[in-house]
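A.B. asks: Before I ask anything, here is the structure I am working with.
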Amino acid sequence: MAGVRILVGTRKGAFILTSDEGRKKWDVSGPHFAGWEIYHLKGSPVNPDRIYASQSSGWFGQQIQRSDDGGKTWEPVDNKFVYDGVPGTHQWYDGTPHPWEFKRVWHLEPSLTDPDTVYAGAEDAALFRTTDGGKSWTELSGLRGHGSGAHWMPGAGGMCLHTILLDPVDPKRIFIAISAAGAFRTDDGGETWKPINRGLKSEHIPDPHAEVGHCVHRLALHPARPNVLFMQKHWDVMRSNDAGDSWHEVSGNLPTDFGFVIDVHAHEPETIYVVPIKSDSEHFPADGQLRVWRSRTGGKDWEALTKGLPQSNCYVNVLRDAMSIDRLESCGIYFGTTGGQVYASSDAGDSWTAIVRDLPAVLSVEAQTL
Amino acid sequence: MHAKVNGEVTLTVDGAVTQRSLLDALEQQYPVLRGTIRDHTTQKRRPFLRFFACQQDLSHEAPDAPLPEAVAHGAQPFLIVGAIAGG
């Protein structure tokens with residue numbers, strides 16, 4: 001029988017929520033790794049019981065955990081993330097050179113074809129890969145070694161590589177995004193990279209049309225059309241029809257185009273979702289109303305989805321890795337908040353239910369269709 | 001937690017007993033602790049951990065300085081403590 005497993009990373013541990021196809025009743029297990037920050041968990045698409053988790057703490061640093069039984073038991077794997085060669089410097093907030101220093105893994109992206117291959121997005125921004133199930137990690141240094149690396153600058157949350165999209169059609173193509181350097185693409189399996197930020201405009205940076213320096217919060221694509229990318233930038237919701245070579249704005253009638261998450265419907269490549277946040281200084285929904293906005297036209301025309309979501313006195317945030325979709329026939333959508341709720345819709349966003357409340361602040365949500 | 005130890009660990013250290021040789025021996029016995037006490041690359045103590053022994057804070061001692069005799073002979077423990085931080 002089909003079902004769904006939701007992997008939830010929080011500030012103080014991981015939680016695993018499971019349900020059958022009906023998605024009415026949910027079992028909650030956790031906290032796993034209680035007290036630790038779990039930035040992200042994700043399962044292998046080819047072996048859903050193989051799950052990787054990024055676990056970190058200010059005291060003991062980074063750990064990577066691996067489960068081979070769907071999250072019931074875990075074993076630590078290698079936690080050594082060492083930059084290739086002499087790391088050099090990037091720009092600090094005040095514009096001075098600052099040495100590259102590993103802090104944590106924000107995002108883990110298992111390969112679409114091999115459960116032992118996983119990509120890890122790190123702060124300070126770098127992309128690592130394991131091909132032995134996490135026993136060792138190697139940097140794909142062509143990204144950080146891109147000519148612009150010395151000019152990358154951290155966003156307010158740190159200089160994190162937070163998004164990794166693997167092209168399901170072309171195995172050598174990967175998209176990544178870094179706050180606040182921008183989006184990049186490789187077409188040769190990670191050897192060389194190019195910035196893909198043409199068309200992005202960001203106020204308050206020295207050159208508003210610069211090739212790097214944009215604070216990209218999240219990228220999303222539909223597997224049937226990997227050349228179409230959607231982006232939630234710091235401000236602006238953007239779309240590319242040419243694999244990131246050029247972008248145009250599709251914020252349309254959104255009440256505010258600031259936000260963190262963006263995702264695409266499982267079966268409708270032109271149906272996308274965002275959660276608008278009031279502003280970069282007020283990280284909560286406008287007017288205390290938590291609303292998911294859906295576009296069925298690939299952007300520009302948006303409708304508010306409110307049924308089941310709090311419409312007064314709601315001042316939570318939805319962080320960049322905290323939205324996910326399942327692939328059941330009636331597409332399920334899930335997102336977690338900094339207030340500890342995980343909301344689910346089993347009807348493509350028309351109605352919502354809090355499937356768990358009062359968790360620690362949610363950092364990431366990943367849905368697995370079993 | 002990950003090393004699956006509870007409380008005190010007894011180590012055999014070859015040569016001079018220093019922070020470095022002691023932590024090398026600890027990591028040899030419990031490889032999962034690599035990177036959790038000292039940074040993988042710099043080998044510096046992680047900022048929120050402190051080292052104590054014989055009523056002294058040894059956190060800022062040189063890694064190759066000899067540890068107190070009582071630690072070297074196993075009479076006193078070398079304590080690795082998570083600092084109380086926050087507010």
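A note on labels: chains of the structure tokens are A, B, ... as shown, every chain counts residues from 1, and ligands are counted from 1 in their shown order.
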For the strand (DSSP E or B) assignment from backbone DSSP, which residues of segment 80-292 of chain A qualify? Please present them as a PyMOL selection string.
C.D. replies: chain A and resi 89-91+97-99+104-110+118-123+126-130+138-139+155+158+160-166+174-179+182-186+194-195+216-222+225-233+235+237-240+248-249+258-264+272-277+292
A.B. asks: Segment 251-264 of chain A: which residues within 8 Å, counting only C-alpha atoms, same-chain residues fewer than 2 positions away excluded, as a VMD selection string?
C.D. replies: chain A and resid 217 to 222 230 to 238 249 266 268 to 280 293 299 to 302 318 to 325
A.B. asks: So that I have them on file, write out the residues from the current selection with N, CA and C atoms, as a tab-separated table (two decimals), in the first residue's frame.
C.D. replies:
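This is the output file again-v5.tsv:
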```
chain	number	residue	atom	x	y	z
A	217	HIS	N	17.33	32.40	-2.66
A	217	HIS	CA	16.89	31.64	-1.49
A	217	HIS	C	16.55	30.19	-1.83
A	218	ARG	N	16.10	29.93	-3.05
A	218	ARG	CA	15.67	28.57	-3.36
A	218	ARG	C	15.42	28.43	-4.85
A	219	LEU	N	15.74	27.25	-5.39
A	219	LEU	CA	15.41	26.91	-6.77
A	219	LEU	C	14.52	25.68	-6.77
A	220	ALA	N	13.70	25.54	-7.82
A	220	ALA	CA	12.87	24.34	-7.96
A	220	ALA	C	12.70	24.04	-9.45
A	221	LEU	N	12.50	22.76	-9.75
A	221	LEU	CA	12.19	22.37	-11.13
A	221	LEU	C	11.24	21.19	-11.11
A	222	HIS	N	10.56	20.97	-12.23
A	222	HIS	CA	9.74	19.78	-12.41
A	222	HIS	C	10.55	18.79	-13.23
A	230	PHE	N	12.43	27.59	-11.43
A	230	PHE	CA	11.75	28.62	-10.66
A	230	PHE	C	12.65	29.01	-9.49
A	231	MET	N	12.61	30.27	-9.12
A	231	MET	CA	13.49	30.78	-8.08
A	231	MET	C	12.73	31.70	-7.13
A	232	GLN	N	12.90	31.46	-5.83
A	232	GLN	CA	12.54	32.49	-4.86
A	232	GLN	C	13.83	33.18	-4.49
A	233	LYS	N	13.97	34.41	-4.95
A	233	LYS	CA	15.11	35.22	-4.55
A	233	LYS	C	14.74	35.95	-3.27
A	234	HIS	N	15.72	36.57	-2.65
A	234	HIS	CA	15.50	37.38	-1.45
A	234	HIS	C	14.20	38.20	-1.63
A	235	TRP	N	14.21	39.09	-2.59
A	235	TRP	CA	12.98	39.64	-3.15
A	235	TRP	C	12.87	39.11	-4.56
A	236	ASP	N	11.70	38.92	-5.07
A	236	ASP	CA	11.38	38.52	-6.45
A	236	ASP	C	11.24	37.00	-6.59
A	237	VAL	N	10.16	36.62	-7.25
A	237	VAL	CA	10.00	35.24	-7.72
A	237	VAL	C	10.34	35.26	-9.21
A	238	MET	N	11.24	34.36	-9.63
A	238	MET	CA	11.80	34.41	-10.97
A	238	MET	C	11.59	33.08	-11.68
A	249	GLU	N	11.04	37.97	-14.20
A	249	GLU	CA	10.28	37.99	-12.96
A	249	GLU	C	8.84	37.53	-13.19
A	266	ALA	N	3.60	17.96	-8.30
A	266	ALA	CA	4.20	16.71	-8.78
A	266	ALA	C	3.82	16.38	-10.22
A	268	GLU	N	1.91	18.69	-12.41
A	268	GLU	CA	1.57	19.85	-13.24
A	268	GLU	C	2.77	20.80	-13.25
A	269	PRO	N	3.58	20.74	-14.29
A	269	PRO	CA	4.83	21.53	-14.30
A	269	PRO	C	4.63	23.03	-14.24
A	270	GLU	N	3.43	23.52	-14.52
A	270	GLU	CA	3.19	24.96	-14.47
A	270	GLU	C	2.54	25.39	-13.16
A	271	THR	N	2.34	24.46	-12.24
A	271	THR	CA	1.72	24.82	-10.96
A	271	THR	C	2.81	24.91	-9.90
A	272	ILE	N	2.96	26.11	-9.34
A	272	ILE	CA	4.04	26.35	-8.38
A	272	ILE	C	3.49	27.00	-7.12
A	273	TYR	N	4.27	26.89	-6.05
A	273	TYR	CA	3.84	27.34	-4.73
A	273	TYR	C	4.93	28.19	-4.08
A	274	VAL	N	4.52	29.26	-3.40
A	274	VAL	CA	5.43	30.05	-2.57
A	274	VAL	C	4.69	30.42	-1.29
A	275	VAL	N	5.44	30.84	-0.31
A	275	VAL	CA	4.86	31.40	0.92
A	275	VAL	C	5.44	32.81	1.09
A	276	PRO	N	4.71	33.82	0.68
A	276	PRO	CA	5.24	35.19	0.78
A	276	PRO	C	5.46	35.59	2.24
A	277	ILE	N	6.57	36.24	2.48
A	277	ILE	CA	6.95	36.74	3.80
A	277	ILE	C	7.01	38.26	3.68
A	278	LYS	N	6.65	38.95	4.76
A	278	LYS	CA	6.43	40.39	4.63
A	278	LYS	C	7.64	41.13	4.08
A	279	SER	N	8.80	40.93	4.69
A	279	SER	CA	9.98	41.66	4.22
A	279	SER	C	11.24	41.03	4.79
A	280	ASP	N	12.39	41.57	4.35
A	280	ASP	CA	13.65	41.01	4.84
A	280	ASP	C	13.90	41.37	6.29
A	293	TRP	N	0.66	30.71	-1.62
A	293	TRP	CA	0.14	31.23	-2.89
A	293	TRP	C	0.51	30.24	-4.00
A	299	GLY	N	3.59	31.14	-12.82
A	299	GLY	CA	3.94	32.45	-12.30
A	299	GLY	C	3.02	33.54	-12.81
A	300	LYS	N	3.19	34.73	-12.28
A	300	LYS	CA	2.46	35.95	-12.64
A	300	LYS	C	1.05	35.98	-12.07
A	301	ASP	N	0.25	34.97	-12.33
A	301	ASP	CA	-1.11	34.94	-11.78
A	301	ASP	C	-1.14	33.99	-10.58
A	302	TRP	N	-1.42	34.55	-9.42
A	302	TRP	CA	-1.34	33.79	-8.18
A	302	TRP	C	-2.66	33.86	-7.42
A	318	VAL	N	8.77	30.47	7.24
A	318	VAL	CA	8.91	29.18	6.57
A	318	VAL	C	10.27	29.22	5.86
A	319	LEU	N	11.22	28.46	6.36
A	319	LEU	CA	12.60	28.55	5.89
A	319	LEU	C	12.78	27.81	4.56
A	320	ARG	N	13.92	28.04	3.92
A	320	ARG	CA	14.05	27.73	2.49
A	320	ARG	C	13.95	26.24	2.16
A	321	ASP	N	14.33	25.37	3.11
A	321	ASP	CA	14.28	23.94	2.80
A	321	ASP	C	13.04	23.28	3.41
A	322	ALA	N	12.07	24.09	3.82
A	322	ALA	CA	10.96	23.58	4.64
A	322	ALA	C	9.66	23.40	3.86
A	323	MET	N	9.75	23.17	2.54
A	323	MET	CA	8.55	22.80	1.77
A	323	MET	C	8.88	21.63	0.88
A	324	SER	N	7.93	20.72	0.73
A	324	SER	CA	8.16	19.55	-0.11
A	324	SER	C	6.83	19.04	-0.63
A	325	ILE	N	6.89	18.19	-1.65
A	325	ILE	CA	5.67	17.62	-2.24
A	325	ILE	C	5.80	16.11	-2.28
```
A.B. asks: Counting only C-alpha atoms, figure out which residue out of A:Pro360, A:Gly147, A:Pro76, A:Pro208 gets nearest to chain B.
C.D. replies: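 The closest residue to chain B is A:Pro76.
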A.B. asks: Which residue is closest to chain B? Choose from A:Pro285, A:Gly85, A:Gly22, A:Pro31 and count only C-alpha atoms.
C.D. replies: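 Smallest separation from chain B among the options: A:Gly85.
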A.B. asks: Using only C-alpha atoms, determine which residues of chain B fall within 12 Å of chain A; present them as a list in words.
C.D. replies: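 Every residue of chain B that passes the 12 Å test is in Met1, His2, Ala3, Lys4, Pro31, Val32, Leu33, Arg34, Gly35, Thr36, Ile37, Arg38, Asp39, His40, Thr41, Thr42, Arg45, Arg46, Pro47, Phe48, Leu49, Arg50, Ile80, Val81, Gly82, Ala83, Ile84, Ala85 and Gly86 of chain B.
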A.B. asks: Write to file, as a compact mmCIF listing (two decimals), in the first residue's frame, the residues of the selection just made, with C-alpha atoms.
C.D. replies:
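Output file out.txt is given in full below:
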```txt
# COMPACT_ATOMS: atom_id res chain seq x y z
CA MET B 1 26.75 9.74 22.35
CA HIS B 2 28.07 8.59 18.96
CA ALA B 3 31.14 6.98 20.48
CA LYS B 4 28.84 4.84 22.65
CA PRO B 31 37.34 7.43 15.38
CA VAL B 32 33.83 8.90 15.39
CA LEU B 33 35.13 11.63 17.71
CA ARG B 34 37.44 12.99 15.03
CA GLY B 35 36.38 16.52 14.19
CA THR B 36 34.10 16.81 17.23
CA ILE B 37 36.72 17.94 19.77
CA ARG B 38 39.31 19.42 17.42
CA ASP B 39 38.69 20.90 14.00
CA HIS B 40 39.57 18.39 11.28
CA THR B 41 41.84 20.79 9.42
CA THR B 42 43.34 23.14 11.99
CA ARG B 45 39.99 22.94 20.08
CA ARG B 46 36.39 23.60 19.08
CA PRO B 47 35.40 26.96 20.55
CA PHE B 48 32.64 25.74 22.89
CA LEU B 49 34.66 22.93 24.44
CA ARG B 50 37.03 23.39 27.39
CA ILE B 80 36.55 17.59 28.10
CA VAL B 81 33.59 19.78 28.93
CA GLY B 82 30.94 21.41 26.77
CA ALA B 83 30.98 25.08 27.78
CA ILE B 84 27.80 26.53 29.18
CA ALA B 85 26.93 29.08 26.55
CA GLY B 86 23.87 31.01 25.58
```
A.B. asks: Extract, using only C-alpha atoms, all DNA, RNA and protein residues at most 8 Å from segment 41-55 of chain A, discarding same-chain residues fewer than 3 positions from it, and format them as a PyMOL selection string.
C.D. replies: chain A and resi 7-9+33+36-38+62-71+105-115+364-366+368+370
A.B. asks: With distances taken over only C-alpha atoms, which residue among B:Gly7, B:Ser59, B:Lys44, B:Cys54 lies nearest Ala72 of chain B?
C.D. replies: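 Closest to Ala72 of chain B of all the choices is B:Cys54.
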A.B. asks: Tell me, as a VMD selection string, which residues lie within 9 Å of Leu166 of chain A, counting only C-alpha atoms; anything in the same chain fewer than 4 positions away does not count.
C.D. replies: chain A and resid 109 111 to 112 170 to 176
A.B. asks: Identify, with DSSP run on backbone atoms, the residues in chain B assigned to helix (DSSP H, G or I), and express the list as a ChimeraX atom specification.
C.D. replies: /B:19-29,31-33,69-72
A.B. asks: When you draw a straight line from atom CA of Ala181 of chain A to atom CA of Val362 of chain A, how long is it in Å?
C.D. replies: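 Distance between the two atoms: 24.6 Å.
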A.B. asks: Which one is closest to Pro68 of chain B: B:Leu26, B:Val5, B:Leu11, B:Ala16? Count only C-alpha atoms.
C.D. replies: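 Answer, going by the shortest atom-to-atom distance: B:Ala16.
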